[in-house]
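Next up, model03.txt (compact mmCIF, C-alpha atoms and all ligand atoms):
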```
# COMPACT_ATOMS: atom_id res chain seq x y z
CA MET C 589 -28.02 16.27 24.99
CA THR C 590 -30.72 13.57 24.74
CA ASP C 591 -29.32 10.17 25.64
CA ILE C 592 -30.62 8.71 22.38
CA PHE C 593 -28.66 5.46 22.63
CA GLY C 594 -29.69 5.03 26.26
CA ARG C 595 -33.30 4.99 25.09
CA PHE C 596 -32.42 1.82 23.20
CA GLY C 597 -30.46 0.34 26.06
CA ILE C 598 -26.99 0.99 24.71
CA ASP C 599 -24.24 3.37 25.88
CA ARG C 600 -22.31 5.87 23.79
CA VAL C 601 -18.59 5.18 23.51
CA ILE C 602 -15.66 7.56 23.73
CA ASN C 603 -13.97 7.37 20.37
CA ALA C 604 -10.25 8.15 20.32
CA THR C 605 -9.78 5.88 17.29
CA GLY C 606 -10.76 8.43 14.65
CA THR C 607 -13.56 8.46 12.11
CA VAL C 608 -14.00 4.71 11.83
CA THR C 609 -17.26 3.30 10.51
CA ARG C 610 -17.52 0.71 13.28
CA LEU C 611 -17.85 3.51 15.85
CA GLY C 612 -20.22 5.62 13.79
CA ALA C 613 -17.69 7.76 11.86
CA SER C 614 -17.40 11.50 12.44
CA PRO C 615 -19.68 13.45 14.75
CA MET C 616 -21.41 16.14 12.67
CA GLU C 617 -21.51 19.89 13.15
CA THR C 618 -24.81 21.51 14.14
CA GLU C 619 -25.16 23.11 10.69
CA VAL C 620 -24.91 19.70 8.99
CA ILE C 621 -27.41 18.12 11.37
CA ALA C 622 -29.84 21.04 10.84
CA ALA C 623 -29.56 20.64 7.06
CA MET C 624 -30.35 16.93 7.33
CA ALA C 625 -33.29 17.56 9.65
CA ALA C 626 -34.72 20.16 7.25
CA ALA C 627 -34.28 17.80 4.29
CA ALA C 628 -36.03 15.01 6.20
CA GLN C 629 -39.23 17.04 6.47
CA CYS C 630 -40.11 17.21 2.78
CA CYS C 631 -39.83 15.32 -0.49
CA VAL C 632 -37.61 16.13 -3.44
CA ASP C 633 -36.73 14.65 -6.84
CA ILE C 634 -33.61 12.64 -5.94
CA ALA C 635 -32.23 12.61 -9.50
CA ASP C 636 -32.53 16.41 -9.74
CA LEU C 637 -30.89 16.75 -6.33
CA GLN C 638 -27.97 14.60 -7.54
CA GLY C 639 -27.71 16.86 -10.60
CA ARG C 640 -27.33 19.87 -8.33
CA ALA C 641 -24.95 17.91 -6.10
CA SER C 642 -22.81 17.35 -9.17
CA GLU C 643 -22.41 21.11 -9.62
CA VAL C 644 -21.40 21.62 -5.98
CA ILE C 645 -18.97 18.69 -6.04
CA ALA C 646 -17.50 19.86 -9.35
CA LYS C 647 -16.90 23.30 -7.88
CA CYS C 648 -15.21 21.88 -4.75
CA THR C 649 -13.06 19.29 -6.54
CA GLY C 650 -12.38 20.65 -10.03
CA ALA C 651 -13.90 17.46 -11.46
CA GLN C 652 -16.33 17.59 -14.40
CA ALA C 653 -19.04 15.95 -12.30
CA GLY C 654 -19.80 14.21 -9.03
CA ILE C 655 -22.53 12.40 -7.14
CA VAL C 656 -23.23 11.55 -3.55
CA THR C 657 -22.95 7.82 -2.86
CA SER C 658 -23.75 5.89 0.29
CA GLY C 659 -20.03 5.76 1.10
CA ALA C 660 -16.64 5.53 -0.56
CA ALA C 661 -17.03 1.75 -0.92
CA ALA C 662 -20.38 2.26 -2.68
CA GLY C 663 -18.59 4.74 -4.94
CA LEU C 664 -16.05 2.06 -5.81
CA LEU C 665 -18.87 -0.33 -6.69
CA VAL C 666 -20.83 2.01 -8.97
CA GLY C 667 -17.62 3.57 -10.31
CA ALA C 668 -16.21 0.17 -11.29
CA ALA C 669 -19.56 -0.72 -12.85
CA ALA C 670 -19.49 2.52 -14.88
CA CYS C 671 -16.02 1.68 -16.24
CA MET C 672 -17.28 -1.73 -17.40
CA VAL C 673 -20.63 -0.84 -18.95
CA GLY C 674 -20.76 2.90 -19.79
CA PHE C 675 -24.25 3.86 -20.97
CA ASP C 676 -25.22 0.37 -22.19
CA PRO C 677 -28.41 -0.57 -20.28
CA VAL C 678 -28.20 -4.21 -21.45
CA LYS C 679 -24.79 -4.58 -19.82
CA MET C 680 -26.02 -2.68 -16.75
CA GLY C 681 -28.80 -5.22 -16.36
CA LYS C 682 -26.37 -8.15 -16.49
CA LEU C 683 -24.09 -7.01 -13.67
CA PRO C 684 -22.47 -8.60 -11.69
CA ASP C 685 -22.32 -11.09 -14.58
CA THR C 686 -19.56 -9.67 -16.78
CA ASP C 687 -19.08 -12.55 -19.22
CA GLY C 688 -17.88 -11.17 -22.52
CA MET C 689 -17.27 -7.67 -21.13
CA ARG C 690 -14.11 -5.79 -20.34
CA ASN C 691 -14.10 -6.70 -16.66
CA GLU C 692 -10.52 -6.61 -15.38
CA PHE C 693 -9.11 -3.97 -13.04
CA ILE C 694 -5.35 -3.87 -12.80
CA VAL C 695 -4.15 -3.05 -9.28
CA PRO C 696 -0.62 -2.64 -7.89
CA ARG C 697 -0.20 -5.54 -5.47
CA SER C 698 0.59 -3.21 -2.56
CA HIS C 699 -2.74 -1.41 -3.14
CA ARG C 700 -4.87 -4.49 -2.43
CA ASN C 701 -7.05 -3.94 0.64
CA SER C 702 -10.24 -5.11 2.29
CA TYR C 703 -12.35 -2.41 0.61
CA ASP C 704 -11.59 -3.52 -2.94
CA HIS C 705 -14.29 -6.16 -2.42
CA ALA C 706 -16.61 -3.37 -3.60
CA VAL C 707 -14.94 -3.39 -7.04
CA ARG C 708 -15.32 -7.16 -7.26
CA ALA C 709 -18.94 -6.87 -6.12
CA ALA C 710 -19.69 -5.04 -9.39
CA GLY C 711 -18.49 -8.15 -11.26
CA ALA C 712 -14.90 -7.09 -11.87
CA ARG C 713 -11.84 -9.29 -11.55
CA LEU C 714 -8.72 -7.84 -9.97
CA VAL C 715 -5.41 -8.41 -11.73
CA GLU C 716 -2.51 -7.77 -9.34
CA VAL C 717 0.81 -6.55 -10.69
CA GLY C 718 4.26 -5.81 -9.30
CA LEU C 719 5.89 -6.66 -6.01
CA PRO C 720 5.85 -4.50 -2.87
CA ASP C 721 9.51 -5.12 -2.01
CA ARG C 722 9.54 -1.74 -0.30
CA ALA C 723 6.80 -2.80 2.12
CA THR C 724 8.36 -6.18 2.89
CA ALA C 725 11.81 -4.58 3.32
CA CYS C 726 13.16 -7.00 0.68
CA GLY C 727 14.07 -4.19 -1.67
CA VAL C 728 13.59 -0.56 -2.49
CA ARG C 729 10.92 -0.73 -5.18
CA ASP C 730 7.17 -1.16 -5.46
CA THR C 731 5.02 -1.85 -8.52
CA GLU C 732 6.17 0.33 -11.43
CA ALA C 733 4.14 1.97 -14.20
CA TRP C 734 5.62 -0.23 -16.93
CA GLU C 735 4.31 -3.30 -15.11
CA ILE C 736 0.80 -1.85 -15.21
CA GLU C 737 1.28 -0.97 -18.87
CA GLY C 738 2.36 -4.54 -19.60
CA ALA C 739 -0.76 -5.97 -17.96
CA ILE C 740 -3.21 -3.90 -20.02
CA GLY C 741 -5.08 -6.08 -22.48
CA ASP C 742 -8.40 -6.29 -24.28
CA ARG C 743 -10.19 -7.33 -21.05
CA THR C 744 -8.93 -4.34 -19.08
CA ALA C 745 -11.75 -2.10 -17.83
CA GLY C 746 -9.72 0.14 -15.55
CA ILE C 747 -6.84 0.64 -13.15
CA LEU C 748 -7.60 0.62 -9.42
CA TYR C 749 -5.36 2.93 -7.42
CA LEU C 750 -5.26 3.33 -3.61
CA ALA C 751 -4.24 6.88 -2.75
CA ARG C 752 -2.07 7.17 0.34
CA ALA C 753 0.57 9.73 1.23
CA ASP C 754 3.24 7.19 0.21
CA SER C 755 1.52 5.31 -2.64
CA ARG C 756 3.70 4.03 -5.51
CA PRO C 757 3.87 4.20 -8.44
CA ASN C 758 2.95 7.83 -8.51
CA LEU C 759 -0.51 8.55 -9.86
CA THR C 760 0.63 10.77 -12.73
CA GLU C 761 2.69 7.91 -14.19
CA VAL C 762 -0.19 5.47 -13.80
CA VAL C 763 -2.53 7.91 -15.56
CA ARG C 764 -0.01 8.30 -18.40
CA VAL C 765 0.15 4.57 -19.22
CA ALA C 766 -3.60 4.11 -18.66
CA HIS C 767 -4.66 6.97 -20.90
CA ALA C 768 -2.26 5.90 -23.63
CA ALA C 769 -4.41 2.75 -23.80
CA ASN C 770 -7.69 4.61 -23.25
CA ILE C 771 -8.23 2.99 -19.85
CA PRO C 772 -9.76 4.92 -16.91
CA VAL C 773 -8.10 5.17 -13.50
CA LEU C 774 -10.34 4.71 -10.45
CA VAL C 775 -8.82 6.17 -7.28
CA ASP C 776 -9.79 5.15 -3.76
CA ALA C 777 -9.05 8.27 -1.70
CA ALA C 778 -11.64 7.44 0.98
CA ALA C 779 -9.55 8.51 3.95
CA GLU C 780 -7.25 11.07 2.27
CA LEU C 781 -9.03 14.19 3.54
CA PRO C 782 -7.55 16.28 5.10
CA PRO C 783 -5.35 17.73 3.65
CA SER C 784 -8.03 19.69 1.85
CA SER C 785 -5.72 20.08 -1.15
CA ASN C 786 -6.43 16.40 -1.86
CA LEU C 787 -9.98 17.36 -2.89
CA ARG C 788 -8.44 18.63 -6.15
CA ARG C 789 -5.12 16.83 -6.31
CA PHE C 790 -6.10 13.49 -7.87
CA ILE C 791 -8.28 15.20 -10.49
CA GLU C 792 -5.35 17.48 -11.34
CA GLN C 793 -3.16 14.39 -11.70
CA GLY C 794 -5.58 13.07 -14.31
CA ALA C 795 -7.59 10.42 -12.44
CA ASP C 796 -10.90 9.60 -14.13
CA LEU C 797 -12.93 8.64 -11.04
CA ILE C 798 -12.21 9.31 -7.38
CA VAL C 799 -14.04 8.26 -4.23
CA PHE C 800 -13.97 10.05 -0.90
CA SER C 801 -15.69 8.98 2.31
CA GLY C 802 -18.33 11.42 3.57
CA GLY C 803 -18.10 10.23 7.16
CA LYS C 804 -14.35 10.63 7.58
CA GLY C 805 -12.47 13.92 7.14
CA ILE C 806 -15.33 15.80 5.48
CA GLY C 807 -17.52 15.44 8.58
CA GLY C 808 -20.65 14.38 6.72
CA PRO C 809 -23.06 11.53 7.44
CA ALA C 810 -21.47 8.11 8.09
CA ALA C 811 -23.43 6.58 5.22
CA SER C 812 -22.31 9.08 2.59
CA GLY C 813 -19.47 9.52 0.15
CA ILE C 814 -18.45 11.25 -3.06
CA LEU C 815 -17.77 9.81 -6.49
CA CYS C 816 -16.37 12.46 -8.81
CA GLY C 817 -14.58 12.61 -12.12
CA ARG C 818 -15.40 12.40 -15.80
CA ARG C 819 -18.99 13.30 -16.59
CA ASN C 820 -19.82 10.19 -18.65
CA LEU C 821 -18.50 7.80 -16.03
CA VAL C 822 -20.20 9.65 -13.15
CA GLY C 823 -23.46 9.72 -15.14
CA SER C 824 -23.26 5.98 -15.75
CA ALA C 825 -22.52 5.38 -12.06
CA LEU C 826 -25.55 7.46 -11.05
CA LEU C 827 -27.82 5.47 -13.37
CA GLN C 828 -26.81 2.28 -11.63
CA GLN C 829 -27.65 3.68 -8.24
CA LEU C 830 -30.87 5.63 -8.87
CA ASP C 831 -34.40 4.38 -8.57
CA LEU C 832 -35.37 4.14 -12.27
CA ASP C 833 -39.11 3.56 -12.26
CA TYR C 834 -39.82 5.83 -15.26
CA ILE C 835 -41.37 5.76 -18.74
CA TYR C 836 -38.71 6.64 -21.34
CA GLU C 837 -40.87 9.26 -23.09
CA SER C 838 -41.39 11.32 -19.94
CA TRP C 839 -38.06 10.53 -18.25
CA GLN C 840 -35.95 13.60 -17.52
CA PRO C 841 -32.59 12.50 -16.09
CA PRO C 842 -30.42 15.30 -14.64
CA ALA C 843 -28.94 17.16 -17.61
CA GLN C 844 -25.72 17.84 -15.68
CA LEU C 845 -24.87 14.13 -15.86
CA ILE C 846 -26.97 12.21 -18.37
CA ASP C 847 -28.23 12.84 -21.91
CA LYS C 848 -31.05 10.38 -22.43
CA ARG C 849 -30.37 10.31 -26.18
CA ASP C 850 -27.28 8.24 -25.26
CA LEU C 851 -29.59 5.49 -24.01
CA PRO C 852 -32.05 3.33 -25.98
CA GLY C 853 -34.32 3.02 -22.94
CA VAL C 854 -34.49 3.50 -19.19
CA PRO C 855 -32.16 0.94 -17.56
CA ARG C 856 -33.62 -1.45 -14.99
CA HIS C 857 -32.65 -0.89 -11.35
CA GLY C 858 -28.91 -1.40 -11.33
CA ILE C 859 -26.15 -3.08 -9.37
CA GLY C 860 -25.92 0.03 -7.14
CA ARG C 861 -29.61 0.21 -6.27
CA PRO C 862 -28.96 -1.42 -2.85
CA CYS C 863 -26.58 1.50 -2.13
CA LYS C 864 -29.33 4.09 -2.40
CA VAL C 865 -28.74 7.53 -0.98
CA GLY C 866 -31.43 9.49 0.84
CA LYS C 867 -32.10 13.22 0.55
CA GLU C 868 -30.77 13.65 4.10
CA GLN C 869 -27.41 12.10 3.19
CA ILE C 870 -27.13 14.18 0.02
CA VAL C 871 -27.92 17.46 1.75
CA GLY C 872 -25.82 16.58 4.80
CA LEU C 873 -22.81 15.63 2.68
CA LEU C 874 -23.02 18.79 0.57
CA THR C 875 -23.34 21.00 3.64
CA ALA C 876 -20.36 19.29 5.28
CA LEU C 877 -18.35 19.53 2.04
CA MET C 878 -18.94 23.27 1.73
CA ARG C 879 -17.89 23.74 5.36
CA PHE C 880 -14.81 21.58 4.82
CA THR C 881 -13.67 23.63 1.82
CA GLN C 882 -14.05 26.85 3.84
CA ASP C 883 -11.98 25.49 6.70
CA ASP C 884 -8.20 25.20 6.44
CA ASP C 885 -5.83 22.51 7.60
CA GLN C 886 -3.93 24.75 9.99
CA ALA C 887 -7.03 26.06 11.73
CA ARG C 888 -8.38 22.50 12.01
CA ASN C 889 -5.08 21.22 13.42
CA LYS C 890 -5.06 24.06 15.95
CA ARG C 891 -8.50 22.99 17.22
CA LEU C 892 -7.33 19.38 17.42
CA ALA C 893 -4.14 20.43 19.21
CA ILE C 894 -6.23 21.85 22.08
CA ILE C 895 -7.80 18.41 22.57
CA ALA C 896 -4.44 16.67 22.11
CA ASP C 897 -2.94 18.94 24.80
CA SER C 898 -5.76 18.11 27.20
CA LEU C 899 -5.10 14.40 26.59
CA VAL C 900 -1.38 14.80 27.25
CA HIS C 901 -2.22 16.70 30.42
CA ALA C 902 -4.70 14.05 31.67
CA LEU C 903 -2.56 11.03 30.75
CA GLY C 904 0.77 12.52 31.80
CA LYS C 905 -0.37 12.15 35.42
CA VAL C 906 -0.91 8.40 35.10
CA PRO C 907 2.10 6.40 36.38
CA GLY C 908 3.53 3.96 33.82
CA LEU C 909 2.57 5.96 30.73
CA ILE C 910 4.94 7.83 28.43
CA VAL C 911 2.82 10.34 26.57
CA ARG C 912 3.63 12.76 23.76
CA THR C 913 2.01 14.52 20.81
CA VAL C 914 3.17 13.48 17.34
CA ALA C 915 2.20 14.76 13.89
CA ASP C 916 0.35 12.26 11.68
CA SER C 917 2.42 11.38 8.61
CA GLY C 918 -0.73 11.80 6.50
CA HIS C 919 -4.03 13.64 6.99
CA GLY C 920 -2.53 17.10 6.85
CA GLY C 921 -0.17 16.41 9.77
CA ARG C 922 -2.95 16.42 12.36
CA PRO C 923 -1.82 16.00 15.96
CA LEU C 924 -2.07 12.52 17.48
CA VAL C 925 -1.28 11.45 21.02
CA GLU C 926 1.10 8.53 21.39
CA VAL C 927 0.88 6.53 24.60
CA VAL C 928 3.64 4.06 25.40
CA ILE C 929 2.95 1.60 28.20
CA ALA C 930 6.27 1.39 30.01
CA PRO C 931 7.09 -2.20 30.90
CA GLY C 932 6.88 -2.75 34.63
CA GLU C 933 6.20 -5.36 37.23
CA ASN C 934 2.50 -6.31 37.47
CA ARG C 935 1.72 -3.79 34.75
CA PRO C 936 -0.62 -4.93 31.98
CA ASN C 937 0.72 -4.76 28.44
CA ALA C 938 -0.79 -2.45 25.80
CA LEU C 939 -3.14 -5.12 24.44
CA GLU C 940 -4.56 -5.71 27.91
CA VAL C 941 -4.86 -1.98 28.56
CA ASP C 942 -6.76 -1.61 25.28
CA ALA C 943 -9.17 -4.38 26.27
CA ARG C 944 -9.71 -2.86 29.73
CA LEU C 945 -10.36 0.58 28.22
CA ARG C 946 -13.00 -0.87 25.94
CA GLY C 947 -14.55 -2.69 28.90
CA ALA C 948 -14.73 0.50 31.00
CA THR C 949 -17.88 2.56 31.52
CA PRO C 950 -18.09 4.54 29.35
CA SER C 951 -16.18 2.38 26.91
CA VAL C 952 -13.00 4.05 25.60
CA HIS C 953 -11.72 3.11 22.12
CA VAL C 954 -8.18 3.92 21.08
CA ASP C 955 -6.13 2.97 18.00
CA ALA C 956 -4.49 -0.30 19.01
CA THR C 957 -2.95 -1.08 15.60
CA ASN C 958 0.53 -1.24 17.14
CA ALA C 959 -0.43 -2.45 20.61
CA ASP C 960 1.86 -5.45 20.18
CA THR C 961 4.80 -3.02 20.31
CA GLY C 962 3.49 -1.38 23.48
CA VAL C 963 2.00 1.69 21.77
CA LEU C 964 -1.57 2.98 21.79
CA MET C 965 -2.51 5.98 19.64
CA LEU C 966 -5.23 8.50 20.47
CA VAL C 967 -6.85 10.38 17.59
CA PRO C 968 -8.55 13.59 18.76
CA THR C 969 -10.85 14.03 15.73
CA CYS C 970 -14.01 12.57 17.31
CA LEU C 971 -13.38 13.75 20.88
CA GLY C 972 -15.13 16.60 22.64
CA THR C 973 -14.03 18.79 25.51
CA GLY C 974 -14.37 16.80 28.70
CA ASP C 975 -13.49 13.47 27.09
CA ALA C 976 -9.80 13.81 28.02
CA ALA C 977 -10.57 13.66 31.75
CA VAL C 978 -12.71 10.53 31.27
CA ILE C 979 -9.97 8.90 29.20
CA GLY C 980 -7.39 9.77 31.85
CA THR C 981 -9.49 8.13 34.56
CA ALA C 982 -10.05 5.06 32.38
CA PHE C 983 -6.31 4.68 31.73
CA ALA C 984 -5.50 5.03 35.42
CA ALA C 985 -8.04 2.33 36.28
CA ALA C 986 -6.83 0.07 33.46
CA LEU C 987 -3.23 0.24 34.66
CA THR C 988 -4.04 -0.55 38.29
CA ALA C 989 -6.89 -3.04 37.77
C1 LIG C 1001 -12.83 3.93 4.90
C2 LIG C 1001 -12.32 3.44 3.60
C3 LIG C 1001 -13.20 2.98 2.61
C4 LIG C 1001 -14.68 2.87 2.83
O1 LIG C 1001 -15.30 4.12 2.99
P1 LIG C 1001 -16.86 4.19 3.36
O2 LIG C 1001 -17.20 5.64 3.15
O3 LIG C 1001 -16.99 3.75 4.77
O4 LIG C 1001 -17.58 3.31 2.42
C5 LIG C 1001 -12.67 2.58 1.40
N1 LIG C 1001 -11.35 2.63 1.17
C6 LIG C 1001 -10.47 3.06 2.10
C7 LIG C 1001 -9.01 3.07 1.77
C8 LIG C 1001 -10.92 3.47 3.36
O5 LIG C 1001 -10.05 3.89 4.28
```
Write-out of the structure in structure tokens:
Amino acid sequence: MTDIFGRFGIDRVINATGTVTRLGASPMETEVIAAMAAAAQCCVDIADLQGRASEVIAKCTGAQAGIVTSGAAAGLLVGAAACMVGFDPVKMGKLPDTDGMRNEFIVPRSHRNSYDHAVRAAGARLVEVGLPDRATACGVRDTEAWEIEGAIGDRTAGILYLARADSRPNLTEVVRVAHAANIPVLVDAAAELPPSSNLRRFIEQGADLIVFSGGKGIGGPAASGILCGRRNLVGSALLQQLDLDYIYESWQPPAQLIDKRDLPGVPRHGIGRPCKVGKEQIVGLLTALMRFTQDDDQARNKRLAIIADSLVHALGKVPGLIVRTVADSGHGGRPLVEVVIAPGENRPNALEVDARLRGATPSVHVDATNADTGVLMLVPTCLGTGDAAVIGTAFAAALTA
């Protein structure tokens, strides 16, 4: 393999954290890379390509339509914009100024997260409802559907819903109260693949727009994602992302998504224009998506289990570590490796071990979310054969250093 990063004076890292953006997201399969390389060698009409992408995404998700975005967060931005402005090019041109528009997104308080900035970036205001007593261990409940219903008013543009294995209230109930008031539900399911059944699940539950990350479970390019759902909303979202340097008379937007008779003119470049998507990302994402739908969770978990076993084998030999494989509570139950740093004299704690691993050569990154409790997690998704031995050596050095 060419040492491409070495050419620029930087080292690759060993990523046992999972498909995180800060470490470059998922490594891609040869077939995906070949598709991107082929796409990079010629030109294509991007709008037409998105029209075809819509057909592929619709087939894989059961949604009416879909587009490739530059990530799930970009999908949240253009999706939120679509909910606020529809096919009105005057409103599109005003974003993120939403004065006088329906611009509020109701969100269960426990669903707030750092990525919802993308919804606000479109000009929306978030209206939090309910109390996450369940999360704070102060009670058994979370936000309930009637609280969302009670917050719907004439400024409401949509409901923002964060899909997690344990999200409350359940999506079907949220959809019921939203649709009774004619309000769309925008679902952030960025990291909810696998299980592959989730590709269809949120659509089946009635969500109007859903975003998935391309660079996480799907195994596509890091700067790619999917926005899928109702045709009109997806079409509006695409308009706000496309390059729109056209004359109305000769403009031929992709018929799968947009009927130009719905528009009085060609909108100006929209709020999503900075999130443009290249032909390589579109083709790479679609290739990865088709591969992902042909794979199954069990087969994928079996491949990951081989890497997890090699990690347990390599780390089990290091004194001071208690190592075991556990099943992820989400993500299709993929195998993870839990490493507990046993307390001991002169032994560094988990936070120190994490820092030493990152400082090693090559740098080793693990999931240190719960390091303060003495636990480091290793996610096998982005690891290759051979990485386990390097990680084992790095742990041994970190514990004795
Ligand atoms: C990763 C993530 C995102 C952002 O996805 P990108 O594809 O990197 O833009 C958004 N929401 C959630 C919940 C995520 O986990």
Ala943 (chain C) surroundings by only C-alpha atoms, 12 Å radius, close-in-sequence under 4 positions cut, as number ranges by chain
C: 936-939, 947-948, 951-956, 959, 964, 982-983, 986-987, 989
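Take CA of Arg818 (chain C) and CA of Gly681 (chain C): the distance between them is 22.1 Å.
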Env. residues ligand LIG 1001 (chain C) / 8 Å / only C-alpha atoms and all ligand atoms / as an MDAnalysis selection string:
chainID C and resid 608:609 658:664 701:704 750:751 776:780 800:804 810:813
Choose the residue, out of C:Ser614, C:Ser642, C:Thr605, C:Asn770, that has the smallest atom-to-atom separation from Thr657 (chain C); count only C-alpha atoms.
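Checking each of C:Ser614, C:Ser642, C:Thr605, C:Asn770 against Thr657 (chain C), counting only C-alpha atoms, the winner is C:Ser642.
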Nearest residue to Ala668 (chain C) out of C:Asp942, C:Asp831, C:Asp796, C:Glu643, using all atoms listed in the file?
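Among the listed residues, C:Asp796 lies closest to Ala668 (chain C).
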Taken to one decimal, the CA of Thr618 (chain C)-CA of Val900 (chain C) distance is 27.7 Å
Padding 4 Å on each side, edges along x, y and z: where is the centre of the box around the listed atoms of region 837-854 of chain C, and how long are its edges in Å to one decimal? Output it as AutoDock Vina command-line options.
```
--center_x -33.1 --center_y 10.4 --center_z -20.4 --size_x 24.5 --size_y 22.8 --size_z 19.5
```
Using all atoms listed in the file, determine which residues lie at most 7 Å from Ala623 (chain C), disregarding the query and same-chain residues fewer than 3 positions distant; provide the list as an MDAnalysis selection string.
chainID C and resid 619:620 626:627 871:872
Write the residues of the preceding selection, restricted to C-alpha atoms, as an mmCIF file, in the frame of the given file.
```
data_model
loop_
_atom_site.group_PDB
_atom_site.id
_atom_site.type_symbol
_atom_site.label_atom_id
_atom_site.label_comp_id
_atom_site.auth_asym_id
_atom_site.auth_seq_id
_atom_site.Cartn_x
_atom_site.Cartn_y
_atom_site.Cartn_z
ATOM 1 C CA GLU C 619 -25.160 23.110 10.690
ATOM 2 C CA VAL C 620 -24.910 19.700 8.990
ATOM 3 C CA ALA C 626 -34.720 20.160 7.250
ATOM 4 C CA ALA C 627 -34.280 17.800 4.290
ATOM 5 C CA VAL C 871 -27.920 17.460 1.750
ATOM 6 C CA GLY C 872 -25.820 16.580 4.800
#
```
With all atoms listed in the file as the basis for distance, which of C:Gln638, C:Gln629, C:Asn786, C:Ser698 is at the shortest distance from Leu826 (chain C)?
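When distances to Leu826 (chain C) are compared using all atoms listed in the file, the smallest one comes from C:Gln638.
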Hey, can you check how far CA of Ala887 (chain C) sits from CA of Gly606 (chain C)?
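According to the coordinates, CA of Ala887 (chain C) and CA of Gly606 (chain C) are separated by 18.3 Å.
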Contacts of Val906 (chain C) at 8 Å (all atoms listed in the file; same-chain gap of 2+ positions) as a compact mmCIF listing (two decimals) with C-alpha atoms, keeping the file's coordinate frame:
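Once everything was written out, this is result.txt:
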```txt
# COMPACT_ATOMS: atom_id res chain seq x y z
CA ALA C 902 -4.70 14.05 31.67
CA LEU C 903 -2.56 11.03 30.75
CA GLY C 904 0.77 12.52 31.80
CA GLY C 908 3.53 3.96 33.82
CA LEU C 909 2.57 5.96 30.73
CA GLY C 980 -7.39 9.77 31.85
CA PHE C 983 -6.31 4.68 31.73
CA ALA C 984 -5.50 5.03 35.42
```
Mind checking which residues fall within 12 Å of Thr686 (chain C), counting all atoms listed in the file, ignoring those fewer than 6 positions away in the same chain, and posting them as a PyMOL selection string?
chain C and resi 668-669+671-673+678-680+692+708-713+743+745+859
For Val775 (chain C), work out the shell of residues within 10 Å, counting only C-alpha atoms and skipping chain neighbours fewer than 6 positions away, then give it as number ranges by chain.
C: 664, 667, 747-751, 759, 790-791, 795-800, 815-817
Since we have the selection now, will you write its residues out, keeping C-alpha atoms, as a PDB file, in the coordinates of the input?
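Saved the output as selection.pdb:
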```
ATOM      1  CA  LEU C 664     -16.050   2.060  -5.810  1.00  0.00           C
ATOM      2  CA  GLY C 667     -17.620   3.570 -10.310  1.00  0.00           C
ATOM      3  CA  ILE C 747      -6.840   0.640 -13.150  1.00  0.00           C
ATOM      4  CA  LEU C 748      -7.600   0.620  -9.420  1.00  0.00           C
ATOM      5  CA  TYR C 749      -5.360   2.930  -7.420  1.00  0.00           C
ATOM      6  CA  LEU C 750      -5.260   3.330  -3.610  1.00  0.00           C
ATOM      7  CA  ALA C 751      -4.240   6.880  -2.750  1.00  0.00           C
ATOM      8  CA  LEU C 759      -0.510   8.550  -9.860  1.00  0.00           C
ATOM      9  CA  PHE C 790      -6.100  13.490  -7.870  1.00  0.00           C
ATOM     10  CA  ILE C 791      -8.280  15.200 -10.490  1.00  0.00           C
ATOM     11  CA  ALA C 795      -7.590  10.420 -12.440  1.00  0.00           C
ATOM     12  CA  ASP C 796     -10.900   9.600 -14.130  1.00  0.00           C
ATOM     13  CA  LEU C 797     -12.930   8.640 -11.040  1.00  0.00           C
ATOM     14  CA  ILE C 798     -12.210   9.310  -7.380  1.00  0.00           C
ATOM     15  CA  VAL C 799     -14.040   8.260  -4.230  1.00  0.00           C
ATOM     16  CA  PHE C 800     -13.970  10.050  -0.900  1.00  0.00           C
ATOM     17  CA  LEU C 815     -17.770   9.810  -6.490  1.00  0.00           C
ATOM     18  CA  CYS C 816     -16.370  12.460  -8.810  1.00  0.00           C
ATOM     19  CA  GLY C 817     -14.580  12.610 -12.120  1.00  0.00           C
TER      20      GLY C 817
END
```
May I have the residues at most 7 Å from (4.8, 0.8, -6.7) in the file's coordinates, counting all atoms listed in the file, as a list in words?
Pro696, Pro720, Arg729, Asp730, Thr731, Glu732, Ser755, Arg756 and Pro757 of chain C
Convert the current residue selection to file output with C-alpha atoms, as a CSV table (one decimal), in the frame of the given file.
```csv
chain,number,residue,atom,x,y,z
C,696,PRO,CA,-0.6,-2.6,-7.9
C,720,PRO,CA,5.8,-4.5,-2.9
C,729,ARG,CA,10.9,-0.7,-5.2
C,730,ASP,CA,7.2,-1.2,-5.5
C,731,THR,CA,5.0,-1.8,-8.5
C,732,GLU,CA,6.2,0.3,-11.4
C,755,SER,CA,1.5,5.3,-2.6
C,756,ARG,CA,3.7,4.0,-5.5
C,757,PRO,CA,3.9,4.2,-8.4
```
